[in-house]
>>> print(open('my_file-v7.txt').read())   # compact mmCIF, C-alpha atoms
# COMPACT_ATOMS: atom_id res chain seq x y z
CA MET A 116 90.61 -140.71 -182.70
CA ASN A 117 89.39 -143.09 -185.33
CA ASP A 118 89.59 -145.82 -182.71
CA LEU A 119 86.96 -144.18 -180.57
CA PRO A 120 83.52 -145.75 -180.59
CA SER A 121 81.00 -143.93 -182.75
CA SER A 122 79.07 -142.73 -179.69
CA ARG A 123 82.18 -140.76 -178.50
CA ARG A 124 82.73 -139.18 -181.91
CA ALA A 125 79.17 -137.85 -182.07
CA ILE A 126 78.58 -134.12 -181.47
CA PRO A 127 78.09 -133.60 -177.69
CA TRP A 128 74.66 -132.01 -177.99
CA ARG A 129 74.00 -132.02 -174.29
CA TRP A 130 77.09 -129.95 -173.47
CA LEU A 131 76.63 -127.75 -176.48
CA THR A 132 73.10 -126.91 -175.35
CA VAL A 133 74.23 -126.13 -171.80
CA THR A 134 77.01 -123.89 -173.14
CA LEU A 135 74.61 -122.04 -175.42
CA VAL A 136 72.09 -121.49 -172.64
CA LEU A 137 74.78 -120.21 -170.26
CA THR A 138 76.14 -117.90 -172.94
CA TRP A 139 72.66 -116.51 -173.63
CA TRP A 140 72.00 -116.07 -169.89
CA ALA A 141 75.26 -114.21 -169.31
CA GLY A 142 74.53 -112.03 -172.32
CA ALA A 143 71.03 -111.25 -171.06
CA ILE A 144 72.35 -110.24 -167.66
CA ALA A 145 75.07 -108.08 -169.20
CA SER A 146 72.49 -106.51 -171.49
CA ALA A 147 70.11 -105.79 -168.61
CA GLN A 148 72.92 -104.20 -166.65
CA ALA A 149 73.97 -102.17 -169.63
CA THR A 150 70.42 -100.84 -170.19
CA ARG A 151 69.73 -100.11 -166.53
CA PRO A 152 70.71 -96.51 -165.89
CA SER A 153 73.37 -95.89 -163.28
CA VAL A 154 72.12 -92.38 -162.56
CA LEU A 155 68.58 -91.25 -161.77
CA TYR A 156 67.08 -87.84 -161.25
CA VAL A 157 64.30 -86.82 -158.89
CA SER A 158 61.46 -86.23 -161.31
CA LYS A 159 58.88 -84.30 -159.28
CA GLY A 160 58.47 -82.05 -156.25
CA VAL A 161 60.63 -83.09 -153.36
CA ALA A 162 61.37 -86.81 -153.10
CA ARG A 163 61.92 -88.34 -149.70
CA ILE A 164 64.88 -90.70 -149.47
CA LEU A 165 63.98 -93.28 -146.85
CA GLU A 166 66.07 -95.57 -144.70
CA GLY A 167 64.21 -98.64 -146.00
CA PRO A 168 61.82 -99.63 -148.79
CA ALA A 169 58.52 -98.79 -147.01
CA GLY A 170 56.70 -95.61 -146.11
CA PHE A 171 57.17 -95.89 -142.37
CA TYR A 172 60.97 -95.79 -142.51
CA PRO A 173 62.44 -92.44 -141.49
CA ALA A 174 63.67 -90.06 -144.18
CA ILE A 175 67.43 -89.64 -144.38
CA ALA A 176 67.17 -86.81 -146.91
CA GLU A 177 64.71 -84.81 -148.96
CA ALA A 178 65.85 -84.27 -152.52
CA PRO A 179 64.21 -81.66 -154.74
CA LYS A 180 63.33 -82.21 -158.39
CA GLY A 181 66.43 -82.62 -160.50
CA THR A 182 68.66 -84.02 -157.77
CA GLU A 183 71.07 -86.62 -159.11
CA LEU A 184 70.92 -90.04 -157.46
CA LYS A 185 73.18 -93.02 -158.02
CA LEU A 186 71.10 -96.14 -158.67
CA LEU A 187 72.32 -99.12 -156.65
CA ALA A 188 69.46 -101.59 -157.03
CA VAL A 189 65.78 -101.96 -157.89
CA GLU A 190 63.59 -103.48 -155.16
CA GLY A 191 59.96 -103.71 -156.29
CA LYS A 192 58.60 -100.20 -156.62
CA TRP A 193 61.60 -98.72 -154.80
CA TYR A 194 65.03 -97.68 -156.05
CA LYS A 195 67.95 -98.15 -153.70
CA VAL A 196 70.04 -95.06 -154.31
CA ALA A 197 73.07 -93.16 -153.08
CA LEU A 198 72.86 -89.43 -152.49
CA GLY A 199 76.31 -88.17 -151.62
CA ASN A 200 77.52 -90.51 -148.91
CA LYS A 201 74.01 -91.53 -147.87
CA VAL A 202 72.25 -94.66 -149.07
CA GLY A 203 68.49 -94.96 -149.00
CA TYR A 204 65.34 -95.74 -150.96
CA VAL A 205 63.25 -93.55 -153.24
CA LEU A 206 59.85 -94.46 -154.65
CA ALA A 207 60.27 -95.40 -158.32
CA ASP A 208 57.46 -93.01 -159.27
CA ASN A 209 59.54 -90.09 -158.03
CA ALA A 210 62.77 -90.68 -159.96
CA GLY A 211 63.75 -91.52 -163.50
CA PRO A 212 66.66 -91.62 -165.93
CA GLU A 213 65.68 -88.41 -167.72
CA ARG A 214 67.05 -85.19 -166.29
CA PRO A 215 64.00 -82.92 -165.84
CA SER A 216 64.10 -79.51 -167.43
CA GLY A 217 63.75 -76.13 -165.77
CA VAL A 218 65.80 -76.90 -162.72
CA ASP A 219 68.51 -74.78 -161.16
CA TRP A 220 71.13 -77.49 -160.94
CA GLY A 221 73.63 -75.44 -159.00
CA ALA A 222 71.15 -74.72 -156.24
CA MET A 223 69.42 -78.06 -156.18
CA ARG A 224 72.28 -80.52 -156.25
CA ASN A 225 73.26 -82.22 -153.06
CA ARG A 226 70.69 -80.55 -150.90
CA ASP A 227 69.68 -82.70 -147.97
CA ASN A 228 68.25 -82.33 -144.51
CA THR A 229 71.33 -80.55 -143.23
CA GLY A 230 70.51 -77.58 -145.43
CA ALA A 231 74.10 -76.41 -145.72
CA ASN A 232 73.13 -73.36 -147.75
CA PRO A 233 70.00 -71.61 -146.39
CA ALA A 234 69.46 -69.81 -149.71
CA GLU A 235 69.33 -73.15 -151.51
CA VAL A 236 66.95 -74.57 -148.94
CA LYS A 237 64.60 -71.61 -149.34
CA ALA A 238 64.75 -71.98 -153.13
CA ALA A 239 63.77 -75.62 -152.79
CA SER A 240 61.04 -74.99 -150.23
CA GLY A 241 58.45 -73.12 -152.26
CA LEU A 242 56.40 -70.21 -150.98
CA MET A 243 55.04 -71.61 -147.78
CA ALA A 244 56.42 -70.46 -144.47
CA ASP A 245 57.31 -73.33 -142.22
CA ALA A 246 55.10 -73.92 -139.21
CA GLU A 247 57.75 -72.65 -136.82
CA GLN A 248 57.85 -69.30 -138.62
CA THR A 249 54.05 -69.09 -138.64
CA ALA A 250 53.89 -69.94 -134.94
CA ARG A 251 56.43 -67.23 -134.07
CA GLN A 252 54.79 -64.54 -136.14
CA ARG A 253 51.21 -65.39 -135.22
CA ASN A 254 51.89 -66.28 -131.62
CA LEU A 255 50.60 -69.85 -131.97
CA ARG A 256 51.55 -72.87 -129.87
CA LEU A 257 53.81 -75.41 -131.58
CA ASP A 258 53.54 -78.07 -128.89
CA GLY A 259 50.57 -79.91 -130.44
CA LEU A 260 52.22 -80.25 -133.85
CA LYS A 261 55.51 -81.28 -132.22
CA GLN A 262 53.68 -83.86 -130.11
CA ILE A 263 52.14 -85.48 -133.20
CA GLU A 264 55.48 -85.51 -135.01
CA ALA A 265 57.27 -86.94 -131.97
CA GLU A 266 54.63 -89.65 -131.64
CA ARG A 267 55.32 -90.82 -135.20
CA LYS A 268 59.06 -90.96 -134.51
CA LYS A 269 58.48 -92.95 -131.33
CA VAL A 270 56.19 -95.45 -133.06
CA ILE A 271 58.44 -96.09 -136.07
CA ALA A 272 61.48 -96.46 -133.81
CA ASP A 273 59.89 -99.60 -132.34
CA THR A 274 59.58 -101.66 -135.51
CA LYS A 275 58.95 -104.86 -133.58
CA THR A 276 55.78 -103.54 -131.94
CA LEU A 277 54.62 -101.93 -135.18
CA THR A 278 55.09 -105.24 -136.99
CA ALA A 279 53.13 -107.07 -134.28
CA PHE A 280 50.37 -104.46 -134.57
CA THR A 281 50.20 -105.04 -138.33
CA MET A 282 50.24 -108.82 -137.89
CA GLU A 283 47.20 -108.63 -135.61
CA ILE A 284 45.26 -107.05 -138.44
CA ALA A 285 46.13 -109.97 -140.70
CA GLN A 286 45.24 -112.45 -137.96
CA ASP A 287 41.93 -110.80 -137.25
CA ARG A 288 41.16 -110.76 -140.95
CA ALA A 289 41.66 -114.50 -140.88
CA GLY A 290 39.43 -114.72 -137.81
CA GLY A 291 42.14 -115.31 -135.22
CA VAL A 292 42.14 -112.23 -132.99
CA LYS A 293 39.34 -110.39 -131.26
CA MET B 220 35.46 -85.84 -143.71
CA ARG B 221 35.51 -82.44 -142.02
CA VAL B 222 32.07 -82.82 -140.55
CA VAL B 223 32.70 -80.00 -138.13
CA ALA B 224 31.07 -77.06 -139.84
CA HIS B 225 33.01 -73.86 -139.93
CA ASN B 226 32.54 -70.67 -141.77
CA ALA B 227 33.41 -70.67 -145.40
CA PRO B 228 37.06 -69.80 -145.99
CA SER B 229 37.43 -66.19 -145.07
CA ARG B 230 37.20 -63.93 -148.05
CA LEU B 231 40.13 -61.99 -146.69
CA GLY B 232 42.18 -65.16 -146.49
CA MET B 233 41.59 -66.07 -150.11
CA LEU B 234 42.13 -62.52 -151.25
CA ALA B 235 45.35 -62.38 -149.32
CA LEU B 236 46.52 -65.67 -150.77
CA ALA B 237 45.87 -64.58 -154.32
CA ALA B 238 47.32 -61.14 -153.77
CA LEU B 239 50.46 -62.61 -152.35
CA LEU B 240 50.85 -65.14 -155.06
CA LEU B 241 50.09 -62.81 -157.90
CA GLY B 242 51.83 -59.75 -156.56
CA GLY B 243 54.02 -60.06 -153.55
CA CYS B 244 55.76 -63.15 -154.75
CA GLN B 245 56.37 -62.08 -158.33
CA ALA B 246 53.71 -64.42 -159.72
CA ALA B 247 55.43 -67.42 -158.17
CA MET B 248 53.12 -70.38 -157.80
CA ILE B 249 52.28 -72.83 -155.10
CA ASP B 250 53.57 -76.23 -156.11
CA GLU B 251 54.49 -79.65 -154.74
CA ARG B 252 57.38 -78.20 -152.76
CA ASP B 253 54.78 -76.51 -150.58
CA GLU B 254 52.90 -79.71 -149.80
CA LYS B 255 54.54 -80.64 -146.53
CA PRO B 256 54.97 -77.09 -145.17
CA LEU B 257 51.29 -76.50 -145.95
CA GLY B 258 50.34 -79.70 -144.13
CA ARG B 259 52.36 -78.65 -141.08
CA ASN B 260 50.68 -75.26 -141.11
CA VAL B 261 47.27 -76.94 -141.30
CA ALA B 262 48.18 -79.17 -138.36
CA LEU B 263 49.52 -76.14 -136.47
CA THR B 264 46.24 -74.29 -136.92
CA LEU B 265 44.08 -77.26 -135.94
CA THR B 266 46.17 -78.10 -132.89
CA ASN B 267 45.76 -74.50 -131.77
CA ARG B 268 42.01 -74.70 -132.31
CA TYR B 269 41.73 -78.00 -130.43
CA PRO B 270 44.38 -79.38 -128.07
CA VAL B 271 46.04 -82.64 -129.03
CA SER B 272 44.79 -85.50 -126.89
CA GLN B 273 47.02 -86.17 -123.90
CA ASP B 274 45.98 -89.83 -123.84
CA PRO B 275 49.26 -91.57 -124.76
CA MET B 276 47.56 -94.86 -125.62
CA LEU B 277 45.12 -93.16 -127.98
CA ASN B 278 47.80 -91.12 -129.76
CA ASP B 279 49.99 -94.18 -130.16
CA TYR B 280 47.03 -96.15 -131.52
CA VAL B 281 45.90 -93.53 -134.04
CA THR B 282 49.49 -93.07 -135.23
CA ARG B 283 49.95 -96.82 -135.79
CA ILE B 284 46.77 -97.11 -137.84
CA GLY B 285 47.84 -94.08 -139.88
CA LEU B 286 51.22 -95.69 -140.59
CA VAL B 287 49.68 -99.03 -141.55
CA LEU B 288 47.36 -97.30 -144.02
CA GLY B 289 50.10 -94.98 -145.28
CA ASN B 290 52.14 -97.96 -146.35
CA VAL B 291 49.49 -99.27 -148.76
CA THR B 292 48.64 -96.08 -150.64
CA ASP B 293 49.91 -95.13 -154.09
CA ARG B 294 52.34 -92.77 -152.38
CA PRO B 295 53.90 -94.96 -149.68
CA ASP B 296 56.74 -92.48 -149.21
CA LEU B 297 54.32 -89.88 -147.86
CA GLU B 298 55.28 -89.09 -144.28
CA VAL B 299 52.00 -89.87 -142.55
CA HIS B 300 51.33 -88.20 -139.19
CA ALA B 301 48.05 -89.09 -137.52
CA GLY B 302 46.81 -87.63 -134.28
CA ALA B 303 43.73 -87.25 -132.08
CA LEU B 304 42.28 -83.90 -131.01
CA ARG B 305 40.66 -83.48 -127.62
CA THR B 306 37.19 -82.16 -128.36
CA ARG B 307 33.64 -83.58 -128.30
CA GLU B 308 33.02 -82.10 -131.73
CA VAL B 309 32.95 -84.60 -134.56
CA GLY B 310 35.52 -83.97 -137.26
CA ALA B 311 38.51 -85.19 -139.21
CA TRP B 312 40.91 -83.35 -141.48
CA ALA B 313 43.59 -84.11 -144.02
CA GLY B 314 46.54 -81.78 -144.20
CA PRO B 315 48.62 -81.94 -147.38
CA GLY B 316 51.71 -84.09 -147.03
CA GLY B 317 49.96 -86.63 -144.79
CA TYR B 318 48.90 -84.79 -141.61
CA ILE B 319 45.70 -86.59 -140.59
CA LEU B 320 43.76 -85.43 -137.55
CA ILE B 321 40.59 -86.82 -136.00
CA THR B 322 38.62 -85.65 -133.00
CA GLU B 323 37.84 -87.67 -129.90
CA GLY B 324 34.19 -86.82 -130.62
CA ALA B 325 34.39 -88.80 -133.87
CA ILE B 326 36.22 -91.69 -132.22
CA GLY B 327 33.54 -91.74 -129.50
CA MET B 328 30.94 -92.61 -132.13
CA MET B 329 32.85 -95.69 -133.28
CA ASP B 330 32.60 -99.33 -132.22
CA ASP B 331 35.69 -100.92 -133.71
CA GLU B 332 39.03 -100.32 -135.40
CA SER B 333 37.64 -100.76 -138.90
CA GLU B 334 35.54 -97.61 -138.44
CA LEU B 335 38.52 -95.60 -137.20
CA ALA B 336 40.68 -96.95 -140.01
CA GLY B 337 37.84 -96.11 -142.42
CA VAL B 338 37.79 -92.43 -141.48
CA LEU B 339 41.60 -92.21 -141.44
CA ALA B 340 41.79 -93.95 -144.84
CA HIS B 341 39.31 -91.48 -146.33
CA GLU B 342 41.28 -88.51 -144.97
CA LEU B 343 44.59 -90.02 -146.03
CA ALA B 344 43.20 -90.38 -149.54
CA HIS B 345 42.57 -86.62 -149.67
CA ALA B 346 46.25 -86.10 -148.81
CA VAL B 347 47.53 -88.75 -151.23
CA LEU B 348 45.38 -87.34 -154.04
CA LYS B 349 46.56 -83.79 -153.20
CA HIS B 350 43.04 -82.40 -152.85
CA GLY B 351 44.08 -79.76 -150.31
CA LEU B 352 47.07 -78.64 -152.33
CA ASP B 353 44.94 -78.49 -155.48
CA ALA B 354 42.34 -76.35 -153.69
CA VAL B 355 45.04 -73.87 -152.75
CA LYS B 356 46.43 -73.84 -156.28
CA GLN B 357 42.94 -73.24 -157.67
CA GLU B 358 42.18 -70.36 -155.29
CA SER B 359 45.48 -68.71 -156.06
CA THR B 360 44.72 -68.32 -159.77
CA LYS B 361 41.27 -66.71 -159.65
CA GLN B 362 41.06 -63.59 -161.78
CA GLU B 363 39.07 -61.64 -159.23
CA PHE B 364 42.14 -61.39 -157.06
CA LEU B 365 44.34 -59.78 -159.67
CA ALA B 366 43.76 -56.26 -158.41
CA LEU B 367 44.99 -57.02 -154.93
CA MET B 368 48.70 -57.06 -155.38
CA SER B 369 51.48 -56.30 -152.98
CA LEU B 370 49.17 -56.31 -150.00
CA PHE B 371 51.75 -57.40 -147.53
CA LYS B 372 55.28 -56.47 -146.72
CA GLU B 373 58.01 -58.65 -148.20
CA THR B 374 59.13 -59.87 -144.80
CA SER B 375 55.80 -61.41 -143.86
CA LYS B 376 54.65 -62.79 -147.18
CA TYR B 377 55.53 -66.42 -146.55
CA VAL B 378 53.61 -66.49 -143.30
CA GLU B 379 50.65 -64.77 -144.94
CA VAL B 380 50.69 -67.29 -147.78
CA ALA B 381 50.72 -70.10 -145.24
CA ALA B 382 47.87 -68.58 -143.21
CA ALA B 383 45.67 -67.96 -146.24
CA ALA B 384 46.40 -71.36 -147.78
CA THR B 385 45.70 -73.09 -144.48
CA ASP B 386 42.35 -71.33 -144.32
CA VAL B 387 41.49 -72.73 -147.75
CA VAL B 388 42.46 -76.30 -146.81
CA ILE B 389 40.61 -76.32 -143.50
CA SER B 390 37.47 -74.42 -144.43
CA LYS B 391 36.75 -74.95 -148.10
CA PRO B 392 34.58 -78.04 -148.67
CA TYR B 393 35.93 -80.64 -151.04
CA SER B 394 34.00 -81.11 -154.25
CA ARG B 395 31.65 -84.03 -154.70
CA ASP B 396 34.14 -85.59 -157.14
CA GLN B 397 36.94 -85.27 -154.62
CA GLU B 398 34.85 -86.86 -151.86
CA ARG B 399 33.94 -89.67 -154.23
CA ALA B 400 37.57 -90.18 -155.19
CA ALA B 401 38.65 -90.15 -151.53
CA ASP B 402 36.01 -92.74 -150.65
CA ALA B 403 37.10 -94.98 -153.54
CA ALA B 404 40.78 -94.70 -152.62
CA GLY B 405 39.94 -95.12 -148.93
CA VAL B 406 38.12 -98.39 -149.60
CA LYS B 407 41.11 -99.55 -151.64
CA TYR B 408 43.55 -98.75 -148.81
CA LEU B 409 41.36 -100.49 -146.23
CA ILE B 410 41.22 -103.68 -148.26
CA ALA B 411 44.97 -103.56 -148.98
CA ALA B 412 45.73 -103.10 -145.27
CA GLY B 413 43.47 -105.99 -144.28
CA TYR B 414 40.62 -103.97 -142.74
CA ASP B 415 36.94 -104.53 -143.34
CA PRO B 416 35.95 -101.62 -145.64
CA ASN B 417 32.46 -101.76 -144.15
CA GLY B 418 33.98 -99.77 -141.28
CA LEU B 419 33.89 -96.65 -143.43
CA LEU B 420 30.34 -97.44 -144.53
CA LYS B 421 29.19 -97.94 -140.94
CA PHE B 422 30.66 -94.63 -139.85
CA LEU B 423 29.04 -92.74 -142.72
CA GLN B 424 25.70 -94.31 -141.80
CA LYS B 425 26.17 -93.17 -138.20
CA LEU B 426 26.86 -89.65 -139.41
CA GLN B 427 23.69 -89.79 -141.44
CA ARG B 428 21.65 -90.96 -138.44
CA THR B 429 22.97 -88.19 -136.19
CA LYS B 430 22.24 -85.46 -138.71
CA GLY B 431 20.67 -82.51 -136.95
CA ALA B 432 21.16 -84.00 -133.51
CA ALA B 433 24.55 -82.45 -132.85
CA ALA B 434 24.97 -79.25 -130.94
CA GLY B 435 23.99 -76.28 -133.01
CA GLY B 436 22.87 -78.49 -135.87
CA GLN B 437 26.29 -78.02 -137.41
CA MET B 438 27.05 -81.62 -138.22
CA LEU B 439 27.05 -82.66 -141.83
CA SER B 440 26.38 -79.19 -143.11
CA THR B 441 29.44 -79.47 -145.31
CA HIS B 442 28.37 -82.83 -146.69
CA PRO B 443 25.07 -82.53 -148.51
CA GLY B 444 25.95 -85.61 -150.58
CA LEU B 445 26.14 -88.10 -147.72
CA ASP B 446 23.35 -90.32 -149.05
CA GLU B 447 25.15 -90.55 -152.35
CA ARG B 448 28.46 -91.29 -150.64
CA ILE B 449 26.94 -94.13 -148.62
CA SER B 450 25.51 -95.62 -151.78
CA ASN B 451 28.83 -95.24 -153.60
CA VAL B 452 30.83 -96.84 -150.79
CA ARG B 453 28.38 -99.73 -150.62
CA ASN B 454 28.80 -100.26 -154.37
CA LEU B 455 32.59 -100.02 -154.14
CA ILE B 456 32.65 -102.72 -151.48
CA ALA B 457 30.35 -104.94 -153.54
CA GLN B 458 32.51 -104.39 -156.63
CA ALA B 459 35.54 -105.47 -154.60
CA GLY B 460 33.76 -108.72 -153.83
CA SER B 461 32.74 -107.80 -150.26
CA PRO B 462 36.09 -109.06 -148.97
CA GLY B 463 35.42 -108.59 -145.24
CA GLY B 464 38.50 -108.03 -143.13
CA ALA B 465 39.73 -107.07 -139.69
CA ARG B 466 37.45 -105.15 -137.33
CA LEU B 467 39.42 -105.55 -134.10
CA LYS B 468 36.73 -104.46 -131.69
CA ASP B 469 38.55 -105.50 -128.52
CA ARG B 470 41.78 -103.78 -129.53
CA PHE B 471 39.77 -100.65 -130.32
CA VAL B 472 37.99 -100.72 -126.96
CA ARG B 473 41.30 -101.18 -125.09
CA ASN B 474 43.05 -98.33 -126.86
CA THR B 475 40.17 -95.87 -126.76
CA ALA B 476 39.21 -96.48 -123.13
CA GLY B 477 39.88 -92.83 -122.32
CA VAL B 478 37.49 -91.51 -124.97
CA VAL B 479 33.92 -90.59 -124.03
CA LYS B 480 31.55 -92.78 -126.03
CA THR B 481 28.49 -91.21 -127.57
CA GLY B 482 26.71 -94.48 -128.29
CA VAL B 483 25.52 -93.88 -131.85
CA ASN B 484 24.28 -97.11 -133.37
>>> encode(input="my_file-v7.txt", output="structure tokens")
Amino acid sequence: MNDLPSSRRAIPWRWLTVTLVLTWWAGAIASAQATRPSVLYVSKGVARILEGPAGFYPAIAEAPKGTELKLLAVEGKWYKVALGNKVGYVLADNAGPERPSGVDWGAMRNRDNTGANPAEVKAASGLMADAEQTARQRNLRLDGLKQIEAERKKVIADTKTLTAFTMEIAQDRAGGVK
Amino acid sequence: MRVVAHNAPSRLGMLALAALLLGGCQAAMIDERDEKPLGRNVALTLTNRYPVSQDPMLNDYVTRIGLVLGNVTDRPDLEVHAGALRTREVGAWAGPGGYILITEGAIGMMDDESELAGVLAHELAHAVLKHGLDAVKQESTKQEFLALMSLFKETSKYVEVAAAATDVVISKPYSRDQERAADAAGVKYLIAAGYDPNGLLKFLQKLQRTKGAAAGGQMLSTHPGLDERISNVRNLIAQAGSPGGARLKDRFVRNTAGVVKTGVN
């Protein structure tokens, strides 16, 4: 070793710096992962779990306050979560790491659109009769409401056309479309 | 918007709502869980009062604009449903949970998409800000209703709650503060979606010009503060830097070809 030129015996600052930076980076990532909660709870009302991270995606489930969600990722203002065997997105405003108080966990947990237990669904639905019940009891026509709801489903099913529609707004804003 | 004037919310409806909430339902309260069912009940009532337009192009168009706006609000997970009602009356309503309805009469007064988006954005803001739900909550806690408990049979209470609450949402005018808040949020949504916010301003000015000219003089009777709203919206747009934006006149004309135009300028 003593035969090595002095430049080779010097402390390899360049590699030392790279090693230190990499170590810090790995530590920061590990720390961020450690502080990010793995479980979230629906924090208010009934949160809609959507198929994608935007309002026009269809809901795959509706989870009442207190429902436990497994956090998979954070995408802007949306959490990608798992609810049972379903994966979807919940608005970050509607879920948090703190379990809210005053919730009947037994009744609330795992409720989704299938409504396996009607008693649980009623408990999670508040006081309002659904429109179908009102229509039956008050002899009202449901077809108009159903038509509006079907129209929404039809429009969001064709994402390509909806995207083109939105793009035309941007183009017109820039002065390109009349 | 709700420029169609109707009677004040029926006294019986509000009494029934309070009685049910305070008595029949063991002092249970209306809360956020009721938002969407209430909105569906509001839409049910309105679509029984006026038929939904059978113009497929128009319904498709109104729905698309509603979805575009719904995606830029502070509650983008709200399930926005927008539809057109077949009547010459001029009106627009916001049902809690995102059920937005506008009449063909209102659309007939418009010249471009920015005006339609303006009215829809204003109504959507009422839904996003929970003004309808709050009105129902407020009515349900008034002391004067305390004596009227257990008015209805257990089996019908949920339907009666829905009917009374719907009456409040549809008929009770929003407060001046709520209208101001909805205009401010509406302008914000329009700019975020790329629309010219002057569309809302133009439509409000048209409403002002037609005051008293509508059948029965009913128009605008629920909006005594229209002058103030126009001034506020103008200021909001100026504060935002008068950003301009999409108006899409030709697209509007194509998609509303089946609507009778009333030619208000």
>>> residues_around(input="my_file-v7.txt", residues="range 284-286 of chain B", least_positions_apart="5", cutoff="8 Å", atoms="all atoms listed in the file", output="count of residues only")
9
>>> atom_distance(input="my_file-v7.txt", atom1="CA of Val270 in chain A", atom2="CA of Asn278 in chain B")
10.0 Å
>>> closest_atom_pairs(input="my_file-v7.txt", of="chain B", to="chain A", cutoff="6 Å", atoms="all atoms listed in the file", output="Markdown table")
| residue | atom | partner | partner_atom | distance |
| --- | --- | --- | --- | --- |
| B:Glu251 | CA | A:Gly160 | CA | 4.9 |
| B:Arg252 | CA | A:Gly241 | CA | 5.2 |
| B:Asp253 | CA | A:Gly241 | CA | 5.3 |
| B:Pro256 | CA | A:Asp245 | CA | 5.3 |
| B:Arg259 | CA | A:Ala246 | CA | 5.8 |
| B:Asn260 | CA | A:Ala246 | CA | 5.0 |
| B:Leu263 | CA | A:Leu260 | CA | 5.6 |
| B:Thr266 | CA | A:Gly259 | CA | 5.4 |
| B:Val271 | CA | A:Gly259 | CA | 5.5 |
| B:Asn290 | CA | A:Gly170 | CA | 5.1 |
| B:Pro295 | CA | A:Gly170 | CA | 4.6 |
| B:Asp296 | CA | A:Gly170 | CA | 4.4 |
| B:Gly302 | CA | A:Ile263 | CA | 5.8 |
| B:Tyr377 | CA | A:Ala244 | CA | 4.6 |
| B:Val378 | CA | A:Ala244 | CA | 5.0 |
| B:Ala381 | CA | A:Met243 | CA | 5.2 |
| B:Gly413 | CA | A:Ala285 | CA | 6.0 |
| B:Gly464 | CA | A:Arg288 | CA | 4.4 |
| B:Ala465 | CA | A:Arg288 | CA | 4.2 |
| B:Leu467 | CA | A:Lys293 | CA | 5.6 |
| B:Asp469 | CA | A:Lys293 | CA | 5.7 |
>>> write_last_selection(input="my_file-v7.txt", atoms="C-alpha atoms", output="compact mmCIF listing (two decimals), in the frame of the given file")
# COMPACT_ATOMS: atom_id res chain seq x y z
CA GLU B 251 54.49 -79.65 -154.74
CA ARG B 252 57.38 -78.20 -152.76
CA ASP B 253 54.78 -76.51 -150.58
CA PRO B 256 54.97 -77.09 -145.17
CA ARG B 259 52.36 -78.65 -141.08
CA ASN B 260 50.68 -75.26 -141.11
CA LEU B 263 49.52 -76.14 -136.47
CA THR B 266 46.17 -78.10 -132.89
CA VAL B 271 46.04 -82.64 -129.03
CA ASN B 290 52.14 -97.96 -146.35
CA PRO B 295 53.90 -94.96 -149.68
CA ASP B 296 56.74 -92.48 -149.21
CA GLY B 302 46.81 -87.63 -134.28
CA TYR B 377 55.53 -66.42 -146.55
CA VAL B 378 53.61 -66.49 -143.30
CA ALA B 381 50.72 -70.10 -145.24
CA GLY B 413 43.47 -105.99 -144.28
CA GLY B 464 38.50 -108.03 -143.13
CA ALA B 465 39.73 -107.07 -139.69
CA LEU B 467 39.42 -105.55 -134.10
CA ASP B 469 38.55 -105.50 -128.52
>>> atom_distance(input="my_file-v7.txt", atom1="CA of Lys407 in chain B", atom2="CA of Val291 in chain B")
8.9 Å
>>> closest_residue(input="my_file-v7.txt", among="B:Lys430, B:Lys425, B:Arg307, B:Arg399", to="Ile321 in chain B", atoms="all atoms listed in the file")
B:Arg307
>>> atom_distance(input="my_file-v7.txt", atom1="CA of Gly327 in chain B", atom2="CA of Gly482 in chain B")
7.5 Å
>>> residues_around(input="my_file-v7.txt", residues="Asp293 in chain B", least_positions_apart="5", cutoff="10 Å", atoms="only C-alpha atoms", output="list in words")
Leu206 and Asp208 of chain A; Ala344, Val347, Leu348, Ala404 and Tyr408 of chain B
>>> residues_around(input="my_file-v7.txt", residues="Ser153 in chain A", least_positions_apart="6", cutoff="10 Å", atoms="only C-alpha atoms", output="list in words")
Leu184, Lys185, Leu186, Leu187, Ala188, Val196 and Pro212 of chain A
